[in-house]
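Structure file input_20.cif (mmCIF, C-alpha atoms) follows.
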```cif
data_my_file
loop_
_atom_site.label_atom_id
_atom_site.label_comp_id
_atom_site.auth_asym_id
_atom_site.auth_seq_id
_atom_site.Cartn_x
_atom_site.Cartn_y
_atom_site.Cartn_z
CA MET A 24 172.43 88.27 32.68
CA ALA A 25 171.71 85.47 35.14
CA VAL A 26 168.52 85.55 37.17
CA PRO A 27 169.23 85.11 40.90
CA ILE A 28 167.39 82.16 42.44
CA LEU A 29 166.88 82.15 46.22
CA LYS A 30 165.95 79.12 48.27
CA GLN A 31 163.32 79.70 50.95
CA GLY A 32 162.63 76.40 52.61
CA PRO A 33 160.83 74.15 50.08
CA VAL A 34 160.36 77.06 47.68
CA LEU A 35 162.66 78.58 45.08
CA ILE A 36 162.25 82.23 44.21
CA ALA A 37 163.60 83.39 40.85
CA SER A 38 163.54 87.14 40.77
CA ILE A 39 164.00 88.60 37.32
CA GLN A 40 165.84 91.92 37.64
CA THR A 41 166.07 93.24 34.12
CA ALA A 42 165.05 92.67 30.50
CA LEU A 43 165.93 89.15 29.42
CA THR A 44 167.40 88.01 26.14
CA ASP A 45 166.25 84.66 24.77
CA THR A 46 169.54 83.19 25.93
CA ASP A 47 168.88 84.44 29.48
CA VAL A 48 165.42 82.87 29.44
CA LEU A 49 166.77 79.48 28.39
CA GLN A 50 169.43 79.77 31.08
CA LEU A 51 166.76 80.52 33.66
CA ARG A 52 164.82 77.41 32.63
CA GLU A 53 167.93 75.29 33.00
CA ASP A 54 168.88 76.85 36.36
CA VAL A 55 165.39 76.38 37.79
CA MET A 56 165.27 72.74 36.76
CA SER A 57 168.69 71.94 38.21
CA GLN A 58 167.93 73.74 41.49
CA VAL A 59 164.52 72.09 41.84
CA THR A 60 166.30 68.77 41.57
CA ARG A 61 169.16 69.71 43.87
CA HIS A 62 166.97 71.14 46.64
CA ARG A 63 163.98 68.83 46.15
CA SER A 64 161.88 71.98 45.97
CA ARG A 65 158.10 71.76 46.16
CA GLY A 66 157.30 75.18 44.82
CA ILE A 67 158.81 77.79 42.51
CA ILE A 68 158.00 81.43 42.23
CA VAL A 69 159.13 83.38 39.19
CA ASP A 70 158.82 87.09 39.81
CA VAL A 71 158.40 88.97 36.51
CA THR A 72 157.59 92.38 38.01
CA ALA A 73 160.65 93.88 36.31
CA LEU A 74 159.69 92.66 32.82
CA ASP A 75 158.18 95.35 30.63
CA VAL A 76 157.71 92.93 27.74
CA MET A 77 156.62 89.30 27.76
CA ASP A 78 156.58 88.26 24.15
CA SER A 79 155.65 84.82 22.83
CA PHE A 80 159.11 83.41 23.49
CA VAL A 81 159.30 84.50 27.12
CA SER A 82 155.70 83.44 27.77
CA ARG A 83 156.23 80.07 26.18
CA SER A 84 159.44 79.55 28.15
CA LEU A 85 157.80 80.43 31.47
CA ARG A 86 154.95 78.10 30.68
CA GLY A 87 157.56 75.46 29.88
CA ILE A 88 159.16 75.97 33.29
CA ALA A 89 155.76 75.53 34.95
CA HIS A 90 155.06 72.31 33.03
CA MET A 91 158.50 70.83 33.55
CA THR A 92 158.62 71.54 37.27
CA ARG A 93 155.13 70.07 37.65
CA LEU A 94 156.47 66.83 36.16
CA ARG A 95 159.03 66.93 38.96
CA GLY A 96 156.27 67.31 41.53
CA ALA A 97 156.76 71.03 42.10
CA GLU A 98 154.28 73.83 41.47
CA THR A 99 155.33 77.06 39.77
CA VAL A 100 153.62 80.40 40.28
CA ILE A 101 154.39 83.36 38.03
CA VAL A 102 153.99 86.58 39.98
CA GLY A 103 154.04 90.27 39.12
CA ILE A 104 152.81 90.35 35.50
CA GLN A 105 152.33 94.06 34.89
CA PRO A 106 148.89 95.25 33.69
CA GLU A 107 150.18 96.46 30.30
CA VAL A 108 152.09 93.23 29.86
CA ALA A 109 148.96 91.20 30.62
CA PHE A 110 147.08 93.23 28.01
CA ALA A 111 149.80 92.59 25.42
CA MET A 112 149.87 88.86 26.18
CA VAL A 113 146.14 88.57 25.60
CA GLN A 114 146.35 90.54 22.34
CA LEU A 115 149.23 88.38 21.26
CA GLY A 116 147.08 85.29 21.81
CA MET A 117 149.16 83.66 24.53
CA GLN A 118 147.44 80.82 26.34
CA PHE A 119 148.45 80.92 29.97
CA GLU A 120 145.43 79.21 31.55
CA ASP A 121 147.34 76.18 32.77
CA VAL A 122 149.93 78.28 34.57
CA GLN A 123 149.38 79.54 38.10
CA THR A 124 149.77 83.27 38.56
CA ALA A 125 149.52 85.62 41.51
CA LEU A 126 149.57 89.36 41.95
CA ASP A 127 152.90 89.61 43.71
CA LEU A 128 155.50 87.66 45.66
CA GLU A 129 153.46 87.74 48.86
CA GLU A 130 150.33 86.38 47.16
CA GLY A 131 152.41 83.78 45.37
CA LEU A 132 153.89 82.52 48.61
CA ALA A 133 150.43 82.41 50.19
CA LEU A 134 149.15 80.35 47.26
CA LEU A 135 152.00 77.86 47.53
CA ARG A 136 151.62 77.70 51.30
CA ASP A 137 148.01 76.62 50.85
CA GLN A 138 148.88 74.08 48.20
CA LEU A 139 151.86 72.56 49.99
CA LYS A 140 149.87 72.42 53.23
CA GLU A 141 152.94 72.97 55.30
CA PRO A 142 154.55 76.04 56.75
CA LEU A 143 157.14 77.50 54.41
CA ALA A 144 160.14 77.86 56.66
CA GLY A 145 161.64 81.30 56.46
CA ALA A 146 159.10 82.44 53.90
CA GLY A 147 156.83 84.38 56.19
CA MET B 9 164.87 114.00 17.73
CA GLN B 10 166.87 112.30 15.00
CA ALA B 11 164.94 111.51 11.86
CA GLU B 12 165.51 107.80 11.84
CA SER B 13 167.29 105.34 14.00
CA ARG B 14 168.57 102.03 12.79
CA ILE B 15 169.36 99.01 14.92
CA ALA B 16 171.28 96.13 13.39
CA ILE B 17 169.70 92.83 14.42
CA GLU B 18 172.23 90.06 14.71
CA SER B 19 171.73 88.61 18.17
CA ASP B 20 169.04 88.22 20.80
CA ALA B 21 170.56 91.17 22.67
CA ASP B 22 169.82 93.35 19.60
CA VAL B 23 166.17 92.32 19.84
CA VAL B 24 166.07 93.76 23.35
CA THR B 25 167.86 96.92 22.20
CA ALA B 26 165.38 97.45 19.35
CA ARG B 27 162.32 97.24 21.58
CA GLN B 28 163.91 99.44 24.25
CA ARG B 29 164.80 102.12 21.69
CA ALA B 30 161.24 102.01 20.35
CA ARG B 31 159.81 102.32 23.84
CA GLN B 32 162.02 105.32 24.49
CA LEU B 33 160.85 106.96 21.28
CA ALA B 34 157.24 106.10 22.13
CA GLY B 35 157.74 107.74 25.52
CA GLU B 36 159.02 110.90 23.85
CA LEU B 37 155.90 110.95 21.69
CA GLU B 38 153.82 110.44 24.83
CA LEU B 39 152.18 107.27 23.62
CA SER B 40 150.23 105.65 26.45
CA SER B 41 152.08 103.20 28.61
CA THR B 42 149.93 100.40 27.21
CA ASP B 43 150.67 101.35 23.60
CA GLN B 44 154.38 101.53 24.42
CA THR B 45 154.20 97.98 25.74
CA LEU B 46 152.16 96.71 22.77
CA LEU B 47 154.62 98.25 20.32
CA ALA B 48 157.67 96.92 22.19
CA THR B 49 156.13 93.44 22.25
CA ALA B 50 155.33 93.54 18.53
CA ILE B 51 158.91 94.61 17.75
CA SER B 52 160.21 91.78 19.87
CA GLU B 53 158.23 89.32 17.75
CA VAL B 54 159.31 90.63 14.35
CA ALA B 55 162.92 91.20 15.39
CA ARG B 56 163.14 87.66 16.75
CA ASN B 57 161.91 86.39 13.39
CA ILE B 58 164.95 88.09 11.86
CA THR B 59 167.46 86.36 14.14
CA HIS B 60 165.55 83.10 13.88
CA TYR B 61 164.95 82.82 10.16
CA ALA B 62 167.32 85.25 8.47
CA THR B 63 170.22 85.40 10.96
CA ARG B 64 170.64 89.13 10.46
CA GLY B 65 168.73 92.18 9.40
CA GLU B 66 167.76 95.53 10.79
CA VAL B 67 165.02 97.49 12.53
CA ARG B 68 164.48 101.13 11.58
CA LEU B 69 162.43 103.48 13.70
CA ARG B 70 161.06 106.83 12.69
CA VAL B 71 158.44 109.32 13.69
CA ILE B 72 155.71 109.85 11.10
CA ARG B 73 152.84 112.32 10.86
CA ASP B 74 149.46 111.89 9.20
CA SER B 75 147.57 114.68 7.43
CA GLY B 76 145.84 115.61 10.68
CA GLY B 77 149.15 116.22 12.40
CA ARG B 78 148.90 113.08 14.47
CA GLU B 79 152.27 111.58 15.25
CA GLY B 80 153.15 107.94 15.32
CA ILE B 81 156.05 105.56 15.20
CA GLU B 82 156.86 103.53 12.14
CA VAL B 83 158.95 100.42 12.57
CA VAL B 84 160.46 98.69 9.57
CA ALA B 85 162.01 95.30 10.27
CA SER B 86 163.80 93.94 7.24
CA ASP B 87 166.14 91.17 6.26
CA ASP B 88 167.39 89.53 3.12
CA GLY B 89 166.87 86.06 4.47
CA PRO B 90 164.92 83.14 3.03
CA GLY B 91 161.62 85.02 2.81
CA ILE B 92 158.18 83.57 3.39
CA ALA B 93 156.66 81.29 0.78
CA ASP B 94 153.08 81.59 1.97
CA ILE B 95 152.37 84.89 3.73
CA GLU B 96 148.69 84.06 4.18
CA ARG B 97 149.57 81.03 6.25
CA ALA B 98 152.35 82.82 8.11
CA LEU B 99 149.70 85.26 9.31
CA GLN B 100 147.51 82.51 10.72
CA ASP B 101 147.64 81.78 14.43
CA GLY B 102 149.52 78.64 15.19
CA TYR B 103 151.30 78.25 11.88
CA THR B 104 155.06 77.99 12.25
CA THR B 105 158.01 76.57 10.40
CA GLY B 106 160.37 77.45 13.21
CA GLY B 107 159.21 75.35 16.13
CA GLY B 108 157.56 78.25 17.97
CA LEU B 109 153.94 78.88 18.78
CA GLY B 110 153.16 80.56 15.49
CA LEU B 111 151.98 83.69 17.25
CA GLY B 112 154.78 86.01 16.16
CA LEU B 113 153.39 87.58 13.00
CA PRO B 114 149.65 87.28 13.66
CA GLY B 115 150.23 88.39 17.25
CA ALA B 116 152.33 91.39 16.21
CA ARG B 117 149.60 92.35 13.74
CA ARG B 118 147.04 92.44 16.55
CA LEU B 119 149.29 94.57 18.76
CA VAL B 120 149.78 97.56 16.48
CA ASP B 121 147.58 100.02 14.58
CA GLU B 122 148.95 99.23 11.13
CA PHE B 123 150.77 96.20 9.84
CA ASP B 124 152.24 95.36 6.49
CA ILE B 125 154.40 92.51 5.29
CA GLN B 126 156.26 92.08 2.04
CA SER B 127 158.21 88.97 1.36
CA GLU B 128 159.68 87.07 -1.50
CA PRO B 129 161.22 83.63 -1.23
CA SER B 130 165.02 83.84 -1.13
CA ARG B 131 164.87 87.65 -1.36
CA GLY B 132 163.91 88.54 2.19
CA THR B 133 161.13 89.94 4.32
CA THR B 134 160.10 93.44 5.32
CA VAL B 135 157.55 93.98 8.07
CA THR B 136 156.21 97.47 8.73
CA LEU B 137 154.45 98.34 11.97
CA VAL B 138 152.82 101.64 12.88
CA MET B 139 151.56 102.76 16.26
CA TRP B 140 149.78 106.09 16.31
CA GLY B 141 149.60 108.50 19.20
CA ARG B 142 146.05 108.86 20.44
CA ASN B 143 145.94 112.63 19.97
CA ALA B 144 147.05 115.12 17.38
CA GLY B 145 150.63 116.26 17.90
CA ARG B 146 151.14 119.11 20.29
CA SER B 147 152.75 121.18 17.54
CA VAL B 148 149.39 121.25 15.75
CA ARG B 149 147.31 122.20 18.74
CA ALA B 150 149.71 124.91 19.87
#
```
Show this structure as structure tokens.
Amino acid sequence: MAVPILKQGPVLIASIQTALTDTDVLQLREDVMSQVTRHRSRGIIVDVTALDVMDSFVSRSLRGIAHMTRLRGAETVIVGIQPEVAFAMVQLGMQFEDVQTALDLEEGLALLRDQLKEPLAGAG
Amino acid sequence: MQAESRIAIESDADVVTARQRARQLAGELELSSTDQTLLATAISEVARNITHYATRGEVRLRVIRDSGGREGIEVVASDDGPGIADIERALQDGYTTGGGLGLGLPGARRLVDEFDIQSEPSRGTTVTLVMWGRNAGRSVRA
């Protein structure tokens, strides 16, 4: 199932709605990269609030998105990691230090707003 | 509650099904929300190993009881794929032959209460996970 990606000024918001298969995750990575290029986006928010599991594959793929978009000059923020999911990721041994995270969409937008040092049109 | 449920693992969608079925069962047993998530994550890791290394296999879920009446969920993920030549190494963080992070097996082991792995090269692999409920079953206390 495809993850909808909304454009809000210089920011893309990918809002995961349901459990993702590995194929969906790879599709998301591809979609984000092509939209970042098309829209010359400066920031990306991936909202994972709906994910009840972030295993090593999903975590690695999200980290990959963050690294790849950074090489394109755009910052990614992962928002909405659930408390239980955070606990499981730590137990699993996932390293996520080099990825920006925020509590929720609002906090994520605020973080990007600070970093981009420009008003995010239409994003509050 | 049926005695055992079996999920054939042949695609990445089956991996999602297996962990969702386990979470549902864990909910019925009133495992904590955190334990449900830990178990579902561990299943995701071992079930992905099936699709990745063995192409197909199965995940079986059942409710088990210890001598104290405590209930738990046992997950058996098995395949008759290539097997693992060196289990010791496969259980070390960061060791992988599949291009991943090498966190699957050691990570899954840290997520659950009990973990066992049996494997023989060219015969297949069976991983058993157990997550116990935190309290004795209600049937015992009643």
Fill in: Polymer residues at most 9 Å from Ala25 of chain A, all atoms listed in the file, same-chain spacing of 3 or more positions, as a list in words
Ile39, Leu43, Asp47, Val48, Gln50 and Leu51 of chain A
Practice prompt. Excluding Ile104 of chain A and residues on its chain fewer than 5 positions from it, collect all residues at most 10 Å away from it, counting only C-alpha atoms, and give them as number ranges by chain.
Written response: A: 70-77, 109-110, 112, 124-127
Practice prompt. Fewer than 3 positions away in the same chain doesn't count, so skip those; otherwise give me all residues within 7 Å of Ala55 of chain B, counting only C-alpha atoms, as a PyMOL selection string.
Written response: chain B and resi 23+51-52+58-59+85
May I have the residues from that selection written out with C-alpha atoms, as a PDB file, keeping the file's coordinate frame?
```pdb
ATOM      1  CA  VAL B  23     166.170  92.320  19.840  1.00  0.00           C
ATOM      2  CA  ILE B  51     158.910  94.610  17.750  1.00  0.00           C
ATOM      3  CA  SER B  52     160.210  91.780  19.870  1.00  0.00           C
ATOM      4  CA  ILE B  58     164.950  88.090  11.860  1.00  0.00           C
ATOM      5  CA  THR B  59     167.460  86.360  14.140  1.00  0.00           C
ATOM      6  CA  ALA B  85     162.010  95.300  10.270  1.00  0.00           C
TER       7      ALA B  85
END
```
To verify the selection step, state as a CSV table (one decimal) with C-alpha atoms, keeping the file's coordinate frame which residues the PyMOL selection byres ((chain A and resi 53-64) around 9) yields on this input.
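Wrote it out as out-v6.csv, contents follow:
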```csv
chain,number,residue,atom,x,y,z
A,26,VAL,CA,168.5,85.6,37.2
A,28,ILE,CA,167.4,82.2,42.4
A,30,LYS,CA,166.0,79.1,48.3
A,32,GLY,CA,162.6,76.4,52.6
A,33,PRO,CA,160.8,74.2,50.1
A,34,VAL,CA,160.4,77.1,47.7
A,35,LEU,CA,162.7,78.6,45.1
A,37,ALA,CA,163.6,83.4,40.8
A,48,VAL,CA,165.4,82.9,29.4
A,49,LEU,CA,166.8,79.5,28.4
A,50,GLN,CA,169.4,79.8,31.1
A,51,LEU,CA,166.8,80.5,33.7
A,52,ARG,CA,164.8,77.4,32.6
A,65,ARG,CA,158.1,71.8,46.2
A,66,GLY,CA,157.3,75.2,44.8
A,67,ILE,CA,158.8,77.8,42.5
A,88,ILE,CA,159.2,76.0,33.3
A,91,MET,CA,158.5,70.8,33.6
A,92,THR,CA,158.6,71.5,37.3
A,95,ARG,CA,159.0,66.9,39.0
A,96,GLY,CA,156.3,67.3,41.5
A,97,ALA,CA,156.8,71.0,42.1
```
Worksheet item: Of the candidates B:Asp101, B:Asp124, B:Asp74, B:Asp88, which shows the shortest atom-to-atom distance to chain A, using only C-alpha atoms?
Response: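 Of B:Asp101, B:Asp124, B:Asp74, B:Asp88, the one nearest chain A is B:Asp101, counting only C-alpha atoms.
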Worksheet item: In Å to one decimal, how far is atom CA of Gly107 of chain B from atom CA of Leu69 of chain B?
Response: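 About the pair atom CA of Leu69 of chain B and atom CA of Gly107 of chain B: they are 28.4 Å apart.
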Quick one: axis-aligned box around all listed atoms of segment 64-79 of chain A, 4 Å on every side, centre and edge lengths in Å to one decimal, written as JSON.
```
{"center_x": 158.8, "center_y": 83.6, "center_z": 34.5, "size_x": 14.2, "size_y": 31.6, "size_z": 31.3}
```
Discussion item. Could you tell me which residues of chain B sit within 7 Å of chain A when counting all atoms listed in the file, and give me the result as a VMD selection string?
Written reply: chain B and resid 20 to 21 24 42 45 to 46 48 to 49 52 to 53 111 to 112 115 to 116 118 to 119
Worksheet item: Which neighbours of Ala93 of chain B fall inside 10 Å, counting only C-alpha atoms, when residues of the same chain fewer than 3 positions from it are skipped, and could you give them as number ranges by chain?
Response: B: 90, 96-98, 127-130
Discussion item. My list of candidates is A:Val100, A:Val69, A:Val122, A:Ile36. Which is closest to Leu134 of chain A when distances are computed with only C-alpha atoms?
Written reply: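 Between A:Val100, A:Val69, A:Val122, A:Ile36, the residue approaching Leu134 of chain A most closely is A:Val100.
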Fill in: Length of the atom CA of Thr63 of chain B to atom CA of Ala16 of chain B vector [Å]
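Spanning atom CA of Thr63 of chain B to atom CA of Ala16 of chain B is a straight-line distance of 11.1 Å.
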Using N, CA and C atoms, give me segment 39-60 of chain A from the structure I just pasted, as a tab-separated table (two decimals), in the first residue's frame.
```tsv
chain	number	residue	atom	x	y	z
A	39	ILE	N	2.61	7.67	7.03
A	39	ILE	CA	2.36	6.23	6.95
A	39	ILE	C	1.03	5.92	7.63
A	40	GLN	N	0.16	5.20	6.92
A	40	GLN	CA	-1.21	5.01	7.41
A	40	GLN	C	-1.43	3.64	8.05
A	41	THR	N	-0.61	2.68	7.64
A	41	THR	CA	-0.89	1.31	8.04
A	41	THR	C	0.41	0.50	8.06
A	42	ALA	N	0.34	-0.72	8.56
A	42	ALA	CA	1.54	-1.57	8.59
A	42	ALA	C	2.14	-1.67	7.19
A	43	LEU	N	3.46	-1.61	7.11
A	43	LEU	CA	4.13	-1.64	5.82
A	43	LEU	C	4.83	-2.97	5.60
A	44	THR	N	4.69	-3.50	4.39
A	44	THR	CA	5.52	-4.64	4.01
A	44	THR	C	6.87	-4.08	3.58
A	45	ASP	N	7.85	-4.98	3.43
A	45	ASP	CA	9.18	-4.53	2.99
A	45	ASP	C	9.09	-3.86	1.62
A	46	THR	N	8.22	-4.40	0.78
A	46	THR	CA	8.05	-3.82	-0.56
A	46	THR	C	7.53	-2.39	-0.45
A	47	ASP	N	6.56	-2.18	0.46
A	47	ASP	CA	6.02	-0.82	0.67
A	47	ASP	C	7.12	0.14	1.12
A	48	VAL	N	7.99	-0.35	1.99
A	48	VAL	CA	9.05	0.51	2.54
A	48	VAL	C	10.02	0.94	1.44
A	49	LEU	N	10.37	-0.03	0.58
A	49	LEU	CA	11.27	0.30	-0.53
A	49	LEU	C	10.61	1.28	-1.50
A	50	GLN	N	9.31	1.10	-1.69
A	50	GLN	CA	8.56	2.01	-2.55
A	50	GLN	C	8.56	3.42	-1.97
A	51	LEU	N	8.38	3.49	-0.66
A	51	LEU	CA	8.38	4.79	0.02
A	51	LEU	C	9.71	5.50	-0.21
A	52	ARG	N	10.80	4.75	-0.06
A	52	ARG	CA	12.13	5.32	-0.23
A	52	ARG	C	12.28	5.91	-1.64
A	53	GLU	N	11.81	5.13	-2.60
A	53	GLU	CA	11.90	5.57	-4.00
A	53	GLU	C	11.03	6.82	-4.23
A	54	ASP	N	9.81	6.79	-3.70
A	54	ASP	CA	8.87	7.91	-3.90
A	54	ASP	C	9.42	9.18	-3.26
A	55	VAL	N	9.97	9.05	-2.04
A	55	VAL	CA	10.50	10.24	-1.37
A	55	VAL	C	11.64	10.83	-2.19
A	56	MET	N	12.55	9.97	-2.64
A	56	MET	CA	13.69	10.48	-3.40
A	56	MET	C	13.24	11.17	-4.68
A	57	SER	N	12.27	10.60	-5.39
A	57	SER	CA	11.87	11.21	-6.65
A	57	SER	C	11.13	12.52	-6.39
A	58	GLN	N	10.35	12.58	-5.30
A	58	GLN	CA	9.62	13.83	-5.03
A	58	GLN	C	10.54	14.93	-4.50
A	59	VAL	N	11.54	14.53	-3.73
A	59	VAL	CA	12.51	15.52	-3.25
A	59	VAL	C	13.18	16.19	-4.45
A	60	THR	N	13.50	15.38	-5.43
A	60	THR	CA	14.14	15.90	-6.63
A	60	THR	C	13.18	16.77	-7.42
```
